[in-house]
>>> print(open('entry_7.csv').read())   # CSV, C-alpha atoms
chain,number,residue,atom,x,y,z
A,21,MET,CA,81.1,100.9,107.5
A,22,ASP,CA,79.7,98.3,105.2
A,23,SER,CA,81.0,97.6,101.7
A,24,SER,CA,79.9,93.9,101.6
A,25,GLY,CA,77.7,94.6,98.6
A,26,LEU,CA,80.6,95.9,96.6
A,27,TYR,CA,82.7,93.0,97.9
A,28,LEU,CA,80.2,90.6,96.5
A,29,ASP,CA,80.2,92.4,93.1
A,30,VAL,CA,83.9,92.2,92.9
A,31,THR,CA,84.3,88.6,94.0
A,32,ASP,CA,81.4,87.4,91.7
A,33,PHE,CA,83.2,89.2,88.9
A,34,ALA,CA,86.5,87.5,89.9
A,35,HIS,CA,84.9,84.1,89.6
A,36,SER,CA,83.5,84.9,86.2
A,37,THR,CA,87.0,85.7,84.8
A,38,PRO,CA,89.2,83.1,83.0
A,39,ALA,CA,91.4,80.9,85.1
A,40,TRP,CA,94.6,82.6,83.8
A,41,VAL,CA,93.2,86.0,85.1
A,42,GLN,CA,92.5,84.5,88.5
A,43,SER,CA,95.9,82.9,88.6
A,44,ALA,CA,97.6,86.2,87.7
A,45,PHE,CA,95.7,88.0,90.5
A,46,GLU,CA,96.6,85.3,92.9
A,47,PHE,CA,100.3,85.6,92.0
A,48,TRP,CA,100.2,89.4,92.2
A,49,THR,CA,98.4,89.6,95.6
A,50,GLU,CA,101.0,87.1,97.1
A,51,TYR,CA,104.2,88.4,95.5
A,52,GLY,CA,103.5,91.9,94.2
A,53,LEU,CA,105.0,93.6,97.2
A,54,PHE,CA,108.4,92.3,96.2
A,55,VAL,CA,108.3,94.6,93.2
A,56,PHE,CA,108.2,97.6,95.6
A,57,GLY,CA,111.2,96.0,97.5
A,58,ALA,CA,113.1,95.8,94.2
A,59,LEU,CA,112.3,99.4,93.5
A,60,PHE,CA,113.5,100.4,97.0
A,61,ILE,CA,116.9,98.8,96.3
A,62,SER,CA,117.1,100.3,92.8
A,63,VAL,CA,116.4,103.8,94.0
A,64,TRP,CA,118.8,103.5,96.9
A,65,TRP,CA,121.6,102.3,94.7
A,66,ARG,CA,121.0,105.1,92.2
A,67,SER,CA,121.0,107.7,95.0
A,68,ARG,CA,124.5,106.7,96.2
A,69,GLY,CA,126.1,108.8,93.4
A,70,ALA,CA,123.9,111.8,93.8
A,71,ARG,CA,125.4,115.1,94.6
A,72,ASP,CA,122.6,116.3,96.8
A,73,PRO,CA,122.5,114.4,100.1
A,74,ARG,CA,118.8,114.8,100.3
A,75,THR,CA,118.5,112.4,97.3
A,76,ALA,CA,120.2,109.7,99.4
A,77,ALA,CA,118.2,110.6,102.4
A,78,LEU,CA,114.9,110.1,100.6
A,79,ALA,CA,116.1,106.8,99.2
A,80,LEU,CA,117.2,105.6,102.7
A,81,LEU,CA,114.0,106.8,104.4
A,82,ALA,CA,111.6,105.3,101.8
A,83,PRO,CA,111.6,101.7,103.2
A,84,LEU,CA,111.8,102.9,106.8
A,85,ALA,CA,108.7,105.1,106.4
A,86,THR,CA,106.9,102.3,104.7
A,87,ALA,CA,107.7,100.0,107.7
A,88,LEU,CA,106.4,102.7,110.1
A,89,ALA,CA,103.1,102.9,108.2
A,90,TYR,CA,102.9,99.1,108.4
A,91,VAL,CA,103.4,99.2,112.2
A,92,ALA,CA,100.6,101.8,112.4
A,93,SER,CA,98.4,99.6,110.4
A,94,GLU,CA,99.0,96.7,112.7
A,95,LEU,CA,98.0,98.9,115.7
A,96,VAL,CA,94.7,99.8,114.0
A,97,LYS,CA,94.1,96.3,112.9
A,98,SER,CA,94.5,94.9,116.5
A,99,SER,CA,92.1,97.5,117.9
A,100,VAL,CA,89.3,97.1,115.3
A,101,ASP,CA,89.1,93.3,115.1
A,102,GLU,CA,87.1,93.1,111.9
A,103,GLU,CA,86.5,89.6,110.6
A,104,ARG,CA,87.6,88.7,107.1
A,105,PRO,CA,84.8,88.9,104.5
A,106,CYS,CA,85.7,85.4,103.3
A,107,ARG,CA,84.2,84.2,106.5
A,108,ALA,CA,81.7,87.0,107.4
A,109,VAL,CA,79.8,87.7,104.2
A,110,ALA,CA,76.9,85.3,103.7
A,111,GLY,CA,76.5,83.9,100.3
A,112,ALA,CA,80.0,85.0,99.1
A,113,ALA,CA,81.9,82.9,96.6
A,114,ALA,CA,84.9,81.1,98.0
A,115,SER,CA,88.0,83.2,98.2
A,116,LEU,CA,90.6,82.5,95.5
A,117,VAL,CA,93.3,82.2,98.1
A,118,THR,CA,93.2,80.7,101.5
A,119,CYS,CA,91.1,82.8,103.9
A,120,PRO,CA,93.5,84.1,106.7
A,121,ALA,CA,92.9,82.5,110.1
A,122,THR,CA,90.7,84.2,112.7
A,123,GLY,CA,92.8,86.7,114.5
A,124,ASP,CA,94.4,87.9,111.3
A,125,TRP,CA,91.9,90.8,111.1
A,126,SER,CA,90.7,92.5,108.0
A,127,PHE,CA,90.8,96.3,108.6
A,128,PRO,CA,92.8,97.9,107.3
A,129,SER,CA,94.6,95.9,104.6
A,130,ASN,CA,98.3,95.7,105.4
A,131,HIS,CA,99.1,94.9,101.7
A,132,SER,CA,97.3,98.1,100.7
A,133,VAL,CA,99.1,100.2,103.5
A,134,ILE,CA,102.5,99.0,102.3
A,135,ALA,CA,101.7,99.5,98.7
A,136,GLY,CA,100.2,103.0,99.2
A,137,ALA,CA,103.2,104.0,101.4
A,138,ALA,CA,105.8,102.6,99.0
A,139,ALA,CA,104.1,104.2,96.0
A,140,VAL,CA,104.2,107.7,97.4
A,141,VAL,CA,107.6,107.6,99.1
A,142,LEU,CA,109.3,106.1,96.0
A,143,ALA,CA,107.6,108.9,94.0
A,144,LEU,CA,109.1,111.5,96.4
A,145,ALA,CA,112.5,110.0,95.9
A,146,VAL,CA,112.1,109.7,92.1
A,147,PRO,CA,109.0,111.7,90.9
A,148,ARG,CA,108.7,110.0,87.5
A,149,LEU,CA,108.3,106.6,89.3
A,150,ALA,CA,104.7,107.7,90.3
A,151,LEU,CA,103.6,106.6,86.8
A,152,LEU,CA,104.6,103.1,87.8
A,153,THR,CA,104.1,102.9,91.6
A,154,VAL,CA,100.7,104.5,91.8
A,155,PRO,CA,99.0,102.0,89.4
A,156,LEU,CA,100.9,99.1,91.0
A,157,ALA,CA,99.5,100.2,94.5
A,158,LEU,CA,96.0,100.5,93.1
A,159,LEU,CA,96.3,97.1,91.5
A,160,MET,CA,97.6,95.6,94.8
A,161,ALA,CA,94.6,97.0,96.7
A,162,PHE,CA,92.1,95.8,94.1
A,163,SER,CA,93.7,92.3,94.1
A,164,ARG,CA,93.0,91.9,97.8
A,165,VAL,CA,89.3,92.3,97.2
A,166,PHE,CA,89.4,90.3,93.9
A,167,VAL,CA,90.9,87.2,95.6
A,168,GLY,CA,88.3,87.6,98.4
A,169,VAL,CA,90.3,88.4,101.6
A,170,HIS,CA,89.4,92.1,102.1
A,171,TYR,CA,86.4,94.4,101.9
A,172,PRO,CA,86.7,97.4,99.6
A,173,HIS,CA,86.8,99.7,102.6
A,174,ASP,CA,89.7,97.8,104.0
A,175,VAL,CA,91.9,98.5,101.0
A,176,ALA,CA,90.7,102.1,100.6
A,177,MET,CA,91.6,102.9,104.1
A,178,GLY,CA,94.9,101.0,103.8
A,179,LEU,CA,95.9,103.0,100.7
A,180,LEU,CA,94.9,106.3,102.5
A,181,LEU,CA,96.8,105.3,105.7
A,182,GLY,CA,100.0,104.3,103.9
A,183,ALA,CA,99.9,107.2,101.4
A,184,SER,CA,99.5,109.8,104.2
A,185,LEU,CA,101.6,108.5,107.1
A,186,ALA,CA,104.7,107.4,105.2
A,187,PRO,CA,105.3,110.7,103.3
A,188,LEU,CA,104.8,112.7,106.6
A,189,ALA,CA,107.6,110.6,108.1
A,190,VAL,CA,109.8,111.1,105.1
A,191,LEU,CA,109.2,114.9,105.0
A,192,ALA,CA,109.9,115.2,108.8
A,193,LEU,CA,113.1,113.2,108.7
A,194,THR,CA,114.7,114.2,105.4
A,195,GLY,CA,116.5,117.2,106.7
A,196,PRO,CA,118.2,115.4,109.7
A,197,THR,CA,118.9,112.4,107.6
A,198,ALA,CA,120.6,114.5,104.8
A,199,LYS,CA,122.9,116.0,107.5
A,200,VAL,CA,123.8,112.5,108.6
A,201,VAL,CA,124.5,111.5,105.0
A,202,THR,CA,126.7,114.6,104.5
A,203,ALA,CA,128.7,113.8,107.7
A,204,VAL,CA,129.1,110.1,106.7
A,205,ARG,CA,130.3,111.0,103.3
A,206,ALA,CA,132.8,113.5,104.7
A,207,GLY,CA,134.1,111.0,107.3
A,208,GLY,CA,134.8,108.5,104.5
A,209,GLY,CA,134.3,105.4,106.7
A,210,ARG,CA,134.1,102.4,104.3
A,211,ALA,CA,131.1,100.6,105.9
A,212,ALA,CA,129.0,103.8,106.3
A,213,VAL,CA,129.8,105.1,102.9
A,214,LEU,CA,128.7,101.7,101.5
A,215,ILE,CA,125.2,102.7,102.7
A,216,THR,CA,125.1,106.4,101.9
A,217,GLY,CA,127.3,106.3,98.8
A,218,PRO,CA,130.3,108.4,98.3
A,219,GLY,CA,128.4,111.1,96.4
A,220,PRO,CA,129.4,112.3,93.0
A,221,ALA,CA,132.9,111.3,91.7
A,222,ARG,CA,135.4,114.1,92.4
>>> encode(input="entry_7.csv", output="structure tokens")
Amino acid sequence: MDSSGLYLDVTDFAHSTPAWVQSAFEFWTEYGLFVFGALFISVWWRSRGARDPRTAALALLAPLATALAYVASELVKSSVDEERPCRAVAGAAASLVTCPATGDWSFPSNHSVIAGAAAVVLALAVPRLALLTVPLALLMAFSRVFVGVHYPHDVAMGLLLGASLAPLAVLALTGPTAKVVTAVRAGGGRAAVLITGPGPAR
């Protein structure tokens, strides 16, 4: 799999953009995942008052499933050992952010895995969020190529891996988790109900 030609096209384009555009992409690629973290918290908090325990289950499972997709990504990354393009591609412009050290392999892109996973599981929890999360995930993936630390195939596979594994985990675990939520709410334990929410006001 060789997408070095497209990598060169994107990174050359990146260096032709104004400094403020480069700075914006540098900021997004470093800190953009925190937006997904904030959305996880918001969706979880909103779910605490939902009548249907599946709503709370989906919100609770979203970050867990994303973490599982990340673990899977790390397993693939450690077995492929693909060097970063910012070191491997001859004639490439310098990356806009520091090129990760050797041993921090390139395939797949963990950022893209997390973004792809988060985008889909958040949309499963709150469908209208797809209008926000999917573009943000695509922007995260593109930013990893733009700043020069990943090949296009790294981010494409990262998105695919995250967007397929995480939803499968959520769909498999939603039923059992909803039963746990129902039991916790019925038990009324303060600490547990703090996590699952008390459900709708009676």
>>> closest_residue(input="entry_7.csv", among="A:Ile134, A:Leu116, A:Val96, A:Leu214", to="Gly182 of chain A", atoms="only C-alpha atoms")
A:Ile134
>>> closest_residue(input="entry_7.csv", among="A:Leu78, A:Val100, A:Leu26, A:Leu159", to="Thr216 of chain A", atoms="all atoms listed in the file")
A:Leu78
>>> atom_distance(input="entry_7.csv", atom1="atom CA of Val91 of chain A", atom2="atom CA of Met21 of chain A")
22.9 Å
>>> atom_distance(input="entry_7.csv", atom1="atom CA of Arg164 of chain A", atom2="atom CA of Thr49 of chain A")
6.3 Å
>>> residues_around(input="entry_7.csv", residues="Thr118 of chain A", least_positions_apart="6", cutoff="12 Å", atoms="all atoms listed in the file", output="list in words")
Glu46, Thr49, Glu50, Arg104, Cys106, Arg107, Arg164, Val167, Gly168 and Val169 of chain A
>>> closest_residue(input="entry_7.csv", among="A:Val165, A:Val133, A:Cys119, A:Val140", to="Thr31 of chain A", atoms="all atoms listed in the file")
A:Val165
>>> residues_around(input="entry_7.csv", residues="segment 55-57 of chain A", least_positions_apart="6", cutoff="9 Å", atoms="all atoms listed in the file", output="ChimeraX atom specification")
/A:83,134-135,138-139,142,153,156
>>> build_atoms(input="entry_7.csv", residues="segment 132-143 of chain A", atoms="all heavy atoms", output="PDB file, in the frame of the given file")
ATOM      1  N   SER A 132      97.673  96.837 101.315  1.00  0.00           N
ATOM      2  CA  SER A 132      97.300  98.100 100.700  1.00  0.00           C
ATOM      3  C   SER A 132      98.106  99.268 101.427  1.00  0.00           C
ATOM      4  O   SER A 132      98.529 100.232 100.777  1.00  0.00           O
ATOM      5  CB  SER A 132      95.845  98.395 100.819  1.00  0.00           C
ATOM      6  OG  SER A 132      95.137  97.398 100.107  1.00  0.00           O
ATOM      7  N   VAL A 133      98.286  99.158 102.733  1.00  0.00           N
ATOM      8  CA  VAL A 133      99.100 100.200 103.500  1.00  0.00           C
ATOM      9  C   VAL A 133     100.498 100.191 102.930  1.00  0.00           C
ATOM     10  O   VAL A 133     101.042 101.261 102.624  1.00  0.00           O
ATOM     11  CB  VAL A 133      99.079  99.845 104.976  1.00  0.00           C
ATOM     12  CG1 VAL A 133     100.098 100.729 105.695  1.00  0.00           C
ATOM     13  CG2 VAL A 133      97.702 100.054 105.574  1.00  0.00           C
ATOM     14  N   ILE A 134     101.106  99.022 102.812  1.00  0.00           N
ATOM     15  CA  ILE A 134     102.500  99.000 102.300  1.00  0.00           C
ATOM     16  C   ILE A 134     102.587  99.472 100.902  1.00  0.00           C
ATOM     17  O   ILE A 134     103.484 100.259 100.572  1.00  0.00           O
ATOM     18  CB  ILE A 134     103.021  97.511 102.431  1.00  0.00           C
ATOM     19  CG1 ILE A 134     103.127  97.089 103.900  1.00  0.00           C
ATOM     20  CG2 ILE A 134     104.369  97.372 101.730  1.00  0.00           C
ATOM     21  CD1 ILE A 134     103.385  95.614 104.099  1.00  0.00           C
ATOM     22  N   ALA A 135     101.661  99.044 100.057  1.00  0.00           N
ATOM     23  CA  ALA A 135     101.700  99.500  98.700  1.00  0.00           C
ATOM     24  C   ALA A 135     101.465 100.981  98.542  1.00  0.00           C
ATOM     25  O   ALA A 135     102.167 101.668  97.786  1.00  0.00           O
ATOM     26  CB  ALA A 135     100.636  98.720  97.854  1.00  0.00           C
ATOM     27  N   GLY A 136     100.497 101.521  99.282  1.00  0.00           N
ATOM     28  CA  GLY A 136     100.200 103.000  99.200  1.00  0.00           C
ATOM     29  C   GLY A 136     101.409 103.764  99.744  1.00  0.00           C
ATOM     30  O   GLY A 136     101.790 104.784  99.150  1.00  0.00           O
ATOM     31  N   ALA A 137     102.004 103.307 100.846  1.00  0.00           N
ATOM     32  CA  ALA A 137     103.200 104.000 101.400  1.00  0.00           C
ATOM     33  C   ALA A 137     104.335 103.955 100.429  1.00  0.00           C
ATOM     34  O   ALA A 137     104.968 104.976 100.141  1.00  0.00           O
ATOM     35  CB  ALA A 137     103.559 103.358 102.732  1.00  0.00           C
ATOM     36  N   ALA A 138     104.630 102.766  99.924  1.00  0.00           N
ATOM     37  CA  ALA A 138     105.800 102.600  99.000  1.00  0.00           C
ATOM     38  C   ALA A 138     105.578 103.430  97.752  1.00  0.00           C
ATOM     39  O   ALA A 138     106.523 104.056  97.255  1.00  0.00           O
ATOM     40  CB  ALA A 138     105.954 101.137  98.673  1.00  0.00           C
ATOM     41  N   ALA A 139     104.373 103.432  97.219  1.00  0.00           N
ATOM     42  CA  ALA A 139     104.100 104.200  96.000  1.00  0.00           C
ATOM     43  C   ALA A 139     104.442 105.644  96.140  1.00  0.00           C
ATOM     44  O   ALA A 139     105.080 106.257  95.266  1.00  0.00           O
ATOM     45  CB  ALA A 139     102.644 104.006  95.570  1.00  0.00           C
ATOM     46  N   VAL A 140     104.025 106.239  97.252  1.00  0.00           N
ATOM     47  CA  VAL A 140     104.200 107.700  97.400  1.00  0.00           C
ATOM     48  C   VAL A 140     105.656 108.022  97.798  1.00  0.00           C
ATOM     49  O   VAL A 140     106.233 108.967  97.252  1.00  0.00           O
ATOM     50  CB  VAL A 140     103.235 108.220  98.493  1.00  0.00           C
ATOM     51  CG1 VAL A 140     103.480 109.699  98.737  1.00  0.00           C
ATOM     52  CG2 VAL A 140     101.802 108.006  98.023  1.00  0.00           C
ATOM     53  N   VAL A 141     106.277 107.261  98.709  1.00  0.00           N
ATOM     54  CA  VAL A 141     107.600 107.600  99.100  1.00  0.00           C
ATOM     55  C   VAL A 141     108.645 107.366  97.976  1.00  0.00           C
ATOM     56  O   VAL A 141     109.623 108.101  97.826  1.00  0.00           O
ATOM     57  CB  VAL A 141     108.076 106.904 100.401  1.00  0.00           C
ATOM     58  CG1 VAL A 141     107.227 107.367 101.565  1.00  0.00           C
ATOM     59  CG2 VAL A 141     108.027 105.390 100.270  1.00  0.00           C
ATOM     60  N   LEU A 142     108.403 106.353  97.165  1.00  0.00           N
ATOM     61  CA  LEU A 142     109.300 106.100  96.000  1.00  0.00           C
ATOM     62  C   LEU A 142     109.103 107.294  95.012  1.00  0.00           C
ATOM     63  O   LEU A 142     110.081 107.738  94.394  1.00  0.00           O
ATOM     64  CB  LEU A 142     108.931 104.814  95.323  1.00  0.00           C
ATOM     65  CG  LEU A 142     109.453 103.559  96.024  1.00  0.00           C
ATOM     66  CD1 LEU A 142     108.781 102.313  95.475  1.00  0.00           C
ATOM     67  CD2 LEU A 142     110.973 103.450  95.881  1.00  0.00           C
ATOM     68  N   ALA A 143     107.878 107.795  94.878  1.00  0.00           N
ATOM     69  CA  ALA A 143     107.600 108.900  94.000  1.00  0.00           C
ATOM     70  C   ALA A 143     108.280 110.208  94.541  1.00  0.00           C
ATOM     71  O   ALA A 143     108.687 111.086  93.769  1.00  0.00           O
ATOM     72  CB  ALA A 143     106.150 109.128  93.771  1.00  0.00           C
TER      73      ALA A 143
END
